[in-house]
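Everything below belongs to start27.pdb, which stores PDB, C-alpha atoms, pLDDT in the B column.
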ATOM      1  CA  MET V   1      93.187 103.980 102.247  1.00 79.00           C
ATOM      2  CA  LYS V   2      95.994 104.550 104.712  1.00 87.00           C
ATOM      3  CA  THR V   3      99.376 105.383 103.191  1.00 86.00           C
ATOM      4  CA  VAL V   4     102.486 104.173 104.974  1.00 87.00           C
ATOM      5  CA  ALA V   5     105.989 105.072 103.828  1.00 88.00           C
ATOM      6  CA  PHE V   6     109.512 105.630 105.051  1.00 87.00           C
ATOM      7  CA  THR V   7     112.628 107.271 103.750  1.00 91.00           C
ATOM      8  CA  MET V   8     116.196 106.249 104.205  1.00 88.00           C
ATOM      9  CA  LYS V   9     119.576 107.553 103.227  1.00 91.00           C
ATOM     10  CA  LEU V  10     122.184 105.442 101.473  1.00 90.00           C
ATOM     11  CA  LYS V  11     125.872 105.973 101.633  1.00 92.00           C
ATOM     12  CA  PRO V  12     126.971 107.020  98.122  1.00 87.00           C
ATOM     13  CA  ASP V  13     129.326 104.065  97.737  1.00 94.00           C
ATOM     14  CA  VAL V  14     126.572 101.455  98.262  1.00 94.00           C
ATOM     15  CA  ALA V  15     123.855 102.865  95.975  1.00 91.00           C
ATOM     16  CA  ALA V  16     124.743 100.584  93.037  1.00 92.00           C
ATOM     17  CA  GLU V  17     124.672  97.469  95.238  1.00 92.00           C
ATOM     18  CA  TYR V  18     121.322  98.502  96.744  1.00 89.00           C
ATOM     19  CA  LYS V  19     119.826  98.953  93.276  1.00 89.00           C
ATOM     20  CA  ARG V  20     121.261  95.644  92.012  1.00 90.00           C
ATOM     21  CA  ARG V  21     119.757  93.680  94.891  1.00 87.00           C
ATOM     22  CA  HIS V  22     116.352  95.326  94.578  1.00 82.00           C
ATOM     23  CA  ASP V  23     116.233  94.836  90.808  1.00 86.00           C
ATOM     24  CA  GLU V  24     116.426  91.065  91.464  1.00 85.00           C
ATOM     25  CA  LEU V  25     113.014  90.918  93.165  1.00 82.00           C
ATOM     26  CA  TRP V  26     111.365  87.502  92.730  1.00 87.00           C
ATOM     27  CA  PRO V  27     108.358  87.552  90.366  1.00 88.00           C
ATOM     28  CA  GLU V  28     106.189  85.719  92.932  1.00 93.00           C
ATOM     29  CA  LEU V  29     107.043  88.326  95.578  1.00 90.00           C
ATOM     30  CA  THR V  30     106.133  91.107  93.172  1.00 88.00           C
ATOM     31  CA  ARG V  31     102.764  89.415  92.528  1.00 93.00           C
ATOM     32  CA  ALA V  32     102.126  88.901  96.264  1.00 95.00           C
ATOM     33  CA  LEU V  33     102.837  92.572  97.003  1.00 91.00           C
ATOM     34  CA  LEU V  34     100.559  93.744  94.200  1.00 92.00           C
ATOM     35  CA  ASP V  35      97.807  91.363  95.322  1.00 96.00           C
ATOM     36  CA  ALA V  36      98.067  92.882  98.808  1.00 94.00           C
ATOM     37  CA  GLY V  37      97.697  96.381  97.363  1.00 90.00           C
ATOM     38  CA  ILE V  38     101.337  97.347  97.908  1.00 87.00           C
ATOM     39  CA  SER V  39     103.080  99.278  95.160  1.00 81.00           C
ATOM     40  CA  ASP V  40     106.104 101.480  94.589  1.00 73.00           C
TER      41      ASP V  40
END

Give the structure from this file in structure tokens form.
Amino acid sequence: MKTVAFTMKLKPDVAAEYKRRHDELWPELTRALLDAGISD
């Protein structure tokens, strides 16, 4: 299986907002990603 990844840097003052928005992931999107073999 091919692994694809990227890294990014966040400005320290936006880390909380980034986390908040990503914690609100839609359940159906989570299921679609898992069904496609995408995780973490």

Original post:
Just so the selection is clear, what residues does the PyMOL selection byres ((chain V and resi 1) around 12) cover here, as a PyMOL selection string?
Top reply: chain V and resi 2-4+37-38

Resulting file, chosen residues, C-alpha atoms, as a PDB file, in the frame of the given file:
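That gives us part_6.pdb:
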ATOM      1  CA  LYS V   2      95.994 104.550 104.712  1.00 87.00           C
ATOM      2  CA  THR V   3      99.376 105.383 103.191  1.00 86.00           C
ATOM      3  CA  VAL V   4     102.486 104.173 104.974  1.00 87.00           C
ATOM      4  CA  GLY V  37      97.697  96.381  97.363  1.00 90.00           C
ATOM      5  CA  ILE V  38     101.337  97.347  97.908  1.00 87.00           C
TER       6      ILE V  38
END

Original post:
Between atom CA of V:Lys19 and atom CA of V:Asp40, what is the distance, to one decimal in Å?
Top reply: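 Straight-line distance from atom CA of V:Lys19 to atom CA of V:Asp40 works out to 14.0 Å.
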
Size and centre in Å, one decimal, axis-aligned box, all listed stretch 17-35 of chain V atoms plus 3 Å per side, as lines of an AutoDock Vina configuration file:
center_x = 111.2
center_y = 92.3
center_z = 93.7
size_x = 32.9
size_y = 19.2
size_z = 12.6
